[in-house]
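Trainee: First, the structure itself, so that you have it in front of you.
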Amino acid sequence: MRIPILRLGNILLTSLPPDITDEHAERLQSDILERLDQTAVVGVILDITALDVVDSYMARILAETAQMTRLMGSEVVITGMNPLVAVTLIEMGRELTGVTTALTLEQGVASLKHQIAARDGDPPEDPVDECG
């Protein structure tokens with residue numbers, strides 16, 4: 001099983017399935033790095049909303065994928081972390097230090113766009129609601 005990686009403009013987005021295996025996680029990591037090498041994307045979103053549990057190996061894969069993504073010149077945000085996963089990561093000593101997280105995909109996209117703008121020296125978009 002290959003986990004789909006969607007391209008949204010200059011951002012890659014992937015959502016980890018609830019039944020992801022270690023082999024699938026490794027393949028996803030490799031696929032993300034390959035896509036970064038082949039495209040001009042500047043950001044990656046890893047959505048873990050479907051994951052009820054994250055073991056130490058999956059935590060390591062997520063952290064390493066984020067670090068590798070940054071080394072290849074792209075920003076990364078992990079979205080959809082539930083409270084149980086957050087507690088488990090801390091208890092295991094896998095805080096995902098240096099990894100940006102967001103509760104929702106929408107917040108993750110906004111955070112990623114802000115990171116990209118700040119990195120590129122562009123002024124951040126005005127967060128004021130257009131209706132008001």
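Residue numbering restarts at 1 in every chain; chains get A, B, ... in the order shown in the structure tokens, and ligands count up from 1 in that same order.
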Give me, as a tab-separated table, the closest atom pair and its distance (Å, one decimal) for every residue of region 36-69 of chain A within a cut-off of 12 Å of region 114-124 of chain A, counting only C-alpha atoms, rows sorted by chain and rising number.
Mentor:
```
residue	atom	partner	partner_atom	distance
A:Val41	CA	A:Ile116	CA	10.6
A:Val42	CA	A:Ile116	CA	7.2
A:Gly43	CA	A:Ile116	CA	7.4
A:Val44	CA	A:Ile116	CA	10.8
```
Trainee: Convert the current residue selection to file output with N, CA and C atoms, as a compact mmCIF listing (two decimals), in the first residue's frame.
Mentor:
```txt
# COMPACT_ATOMS: atom_id res chain seq x y z
N VAL A 41 8.39 22.22 -4.32
CA VAL A 41 7.56 22.51 -3.15
C VAL A 41 8.43 23.07 -2.03
N VAL A 42 7.79 23.87 -1.19
CA VAL A 42 8.52 24.50 -0.09
C VAL A 42 7.93 24.15 1.26
N GLY A 43 6.92 23.28 1.27
CA GLY A 43 6.30 22.89 2.53
C GLY A 43 5.67 21.52 2.47
N VAL A 44 5.63 20.86 3.64
CA VAL A 44 5.02 19.53 3.75
C VAL A 44 4.13 19.51 4.99
```
Trainee: Could you tell me, as a PDB file with C-alpha atoms, in the first residue's frame, which residues of chain A DSSP assigns to strand (DSSP E or B) when given the backbone?
Mentor:
```pdb
ATOM      1  CA  ILE A   5       0.901  12.444  -1.282  1.00  0.00           C
ATOM      2  CA  LEU A   6      -1.104  15.344  -2.691  1.00  0.00           C
ATOM      3  CA  ARG A   7       0.399  18.486  -4.122  1.00  0.00           C
ATOM      4  CA  LEU A   8      -1.437  21.722  -3.341  1.00  0.00           C
ATOM      5  CA  ILE A  11       2.872  22.285  -0.568  1.00  0.00           C
ATOM      6  CA  LEU A  12       2.787  18.499  -0.225  1.00  0.00           C
ATOM      7  CA  LEU A  13       0.054  17.012   1.958  1.00  0.00           C
ATOM      8  CA  THR A  14      -0.245  13.465   3.211  1.00  0.00           C
ATOM      9  CA  SER A  15      -2.564  11.879   5.724  1.00  0.00           C
ATOM     10  CA  GLY A  43       6.304  22.893   2.534  1.00  0.00           C
ATOM     11  CA  VAL A  44       5.021  19.530   3.755  1.00  0.00           C
ATOM     12  CA  ILE A  45       2.042  18.746   5.957  1.00  0.00           C
ATOM     13  CA  LEU A  46       1.909  15.384   7.730  1.00  0.00           C
ATOM     14  CA  ASP A  47      -1.640  14.854   8.972  1.00  0.00           C
ATOM     15  CA  GLU A  75       9.164  23.627   6.022  1.00  0.00           C
ATOM     16  CA  VAL A  76       7.010  20.973   7.729  1.00  0.00           C
ATOM     17  CA  VAL A  77       3.955  20.919   9.998  1.00  0.00           C
ATOM     18  CA  ILE A  78       2.379  17.912  11.696  1.00  0.00           C
ATOM     19  CA  THR A  79      -1.387  18.289  12.078  1.00  0.00           C
ATOM     20  CA  THR A 100       5.765  22.620  14.297  1.00  0.00           C
ATOM     21  CA  THR A 101       2.361  21.136  15.110  1.00  0.00           C
ATOM     22  CA  ALA A 102      -1.204  22.317  14.577  1.00  0.00           C
TER      23      ALA A 102
END
```
Trainee: Looking at only C-alpha atoms, which of A:Leu51, A:Ile20, A:Ala25, A:Met58 is the one that sits closest to Pro83 (chain A)?
Mentor: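 Using only C-alpha atoms, Pro83 (chain A) sits closest to A:Leu51.
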Trainee: Would you list the contacts of Leu96 (chain A) as number ranges by chain, taking every protein, DNA or RNA residue within 10 Å and counting only C-alpha atoms, but skipping same-chain residues closer than 3 positions in sequence?
Mentor: A: 59-60, 62-64, 66-67, 78, 86, 89-90, 93, 99-101
Trainee: Could you take the residues named above and write them with N, CA and C atoms, as a PDB file, in the first residue's frame?
Mentor:
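Okay, this is what ended up in out_12.pdb:
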```pdb
ATOM      1  N   ALA A  59       7.010   7.618  16.154  1.00  0.00           N
ATOM      2  CA  ALA A  59       7.441   8.948  16.601  1.00  0.00           C
ATOM      3  C   ALA A  59       8.801   9.288  16.002  1.00  0.00           C
ATOM      4  N   ARG A  60       9.700   8.317  15.996  1.00  0.00           N
ATOM      5  CA  ARG A  60      11.027   8.541  15.410  1.00  0.00           C
ATOM      6  C   ARG A  60      10.921   8.826  13.914  1.00  0.00           C
ATOM      7  N   LEU A  62       8.377  10.109  12.281  1.00  0.00           N
ATOM      8  CA  LEU A  62       7.814  11.456  12.104  1.00  0.00           C
ATOM      9  C   LEU A  62       8.882  12.525  12.336  1.00  0.00           C
ATOM     10  N   ALA A  63       9.629  12.396  13.415  1.00  0.00           N
ATOM     11  CA  ALA A  63      10.664  13.384  13.728  1.00  0.00           C
ATOM     12  C   ALA A  63      11.752  13.400  12.662  1.00  0.00           C
ATOM     13  N   GLU A  64      12.185  12.224  12.227  1.00  0.00           N
ATOM     14  CA  GLU A  64      13.228  12.153  11.204  1.00  0.00           C
ATOM     15  C   GLU A  64      12.736  12.707   9.866  1.00  0.00           C
ATOM     16  N   ALA A  66      10.499  15.012   9.441  1.00  0.00           N
ATOM     17  CA  ALA A  66      10.481  16.470   9.583  1.00  0.00           C
ATOM     18  C   ALA A  66      11.888  17.046   9.444  1.00  0.00           C
ATOM     19  N   GLN A  67      12.863  16.428  10.087  1.00  0.00           N
ATOM     20  CA  GLN A  67      14.242  16.914  10.006  1.00  0.00           C
ATOM     21  C   GLN A  67      14.782  16.801   8.586  1.00  0.00           C
ATOM     22  N   ILE A  78       3.147  19.118  11.396  1.00  0.00           N
ATOM     23  CA  ILE A  78       2.379  17.912  11.696  1.00  0.00           C
ATOM     24  C   ILE A  78       1.032  18.363  12.256  1.00  0.00           C
ATOM     25  N   ALA A  86      -0.241  12.979  22.126  1.00  0.00           N
ATOM     26  CA  ALA A  86       0.668  13.968  22.716  1.00  0.00           C
ATOM     27  C   ALA A  86       1.214  13.482  24.057  1.00  0.00           C
ATOM     28  N   LEU A  89       3.705  10.602  23.500  1.00  0.00           N
ATOM     29  CA  LEU A  89       4.999  11.066  22.998  1.00  0.00           C
ATOM     30  C   LEU A  89       5.856  11.643  24.116  1.00  0.00           C
ATOM     31  N   ILE A  90       5.256  12.434  24.985  1.00  0.00           N
ATOM     32  CA  ILE A  90       5.997  13.035  26.092  1.00  0.00           C
ATOM     33  C   ILE A  90       6.468  11.955  27.060  1.00  0.00           C
ATOM     34  N   GLY A  93       9.438  10.272  25.907  1.00  0.00           N
ATOM     35  CA  GLY A  93      10.609  11.122  25.703  1.00  0.00           C
ATOM     36  C   GLY A  93      10.795  11.531  24.254  1.00  0.00           C
ATOM     37  N   VAL A  99       9.664  20.541  15.885  1.00  0.00           N
ATOM     38  CA  VAL A  99       8.654  20.245  14.863  1.00  0.00           C
ATOM     39  C   VAL A  99       7.423  21.092  15.147  1.00  0.00           C
ATOM     40  N   THR A 100       6.970  21.824  14.154  1.00  0.00           N
ATOM     41  CA  THR A 100       5.765  22.620  14.297  1.00  0.00           C
ATOM     42  C   THR A 100       4.552  21.705  14.218  1.00  0.00           C
ATOM     43  N   THR A 101       3.595  21.911  15.129  1.00  0.00           N
ATOM     44  CA  THR A 101       2.361  21.136  15.110  1.00  0.00           C
ATOM     45  C   THR A 101       1.172  22.084  15.075  1.00  0.00           C
TER      46      THR A 101
END
```
Trainee: Using only C-alpha atoms, determine which residues lie at most 10 Å from Thr49 (chain A), disregarding the query and same-chain residues fewer than 5 positions distant; provide the list as a list of chain:residue names.
Mentor: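 Selected residues are A:Ser15, A:Leu16, A:Pro17, A:Pro18, A:Ile78, A:Thr79, A:Gly80, A:Met81, A:Asn82, A:Leu103, A:Thr104, A:Leu105.
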Trainee: Between A:Thr88, A:Thr21, A:Gln29, A:Thr39, which one has atoms that come closest to Ser74 (chain A), using only C-alpha atoms?
Mentor: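 When distances to Ser74 (chain A) are compared using only C-alpha atoms, the smallest one comes from A:Thr39.
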Trainee: Taking the DSSP assignment computed from this structure's backbone, write out as a PyMOL selection string all residues of region 25-127 of chain A that belong to alpha helix (DSSP H).
Mentor: chain A and resi 25-38+56-71+83-91+105-120
Trainee: State, in Å with one decimal place, the distance from CA of Leu33 (chain A) to CA of Met72 (chain A).
Mentor: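 For CA of Leu33 (chain A) relative to CA of Met72 (chain A), the distance reads 8.0 Å.
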Trainee: Quote the spacing between CA of Gln107 (chain A) and CA of Met1 (chain A) in Å to one decimal place.
Mentor: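 Value for the CA of Gln107 (chain A)-CA of Met1 (chain A) distance: 28.3 Å.
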Trainee: Nearest to Met68 (chain A): which of A:Val109, A:Ala50, A:Val85, A:Leu36 is it, counting only C-alpha atoms?
Mentor: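 Of A:Val109, A:Ala50, A:Val85, A:Leu36, the one nearest Met68 (chain A) is A:Leu36, counting only C-alpha atoms.
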Trainee: Identify which of the residues A:Arg2, A:Gly9, A:Gln38, A:Asp55 lies closest to Lys113 (chain A), counting only C-alpha atoms when measuring atom-to-atom distances.
Mentor: A:Gly9
Trainee: For CA of Leu112 (chain A) and CA of Ile48 (chain A), quote the distance in Å rounded to one decimal.
Mentor: 15.8 Å
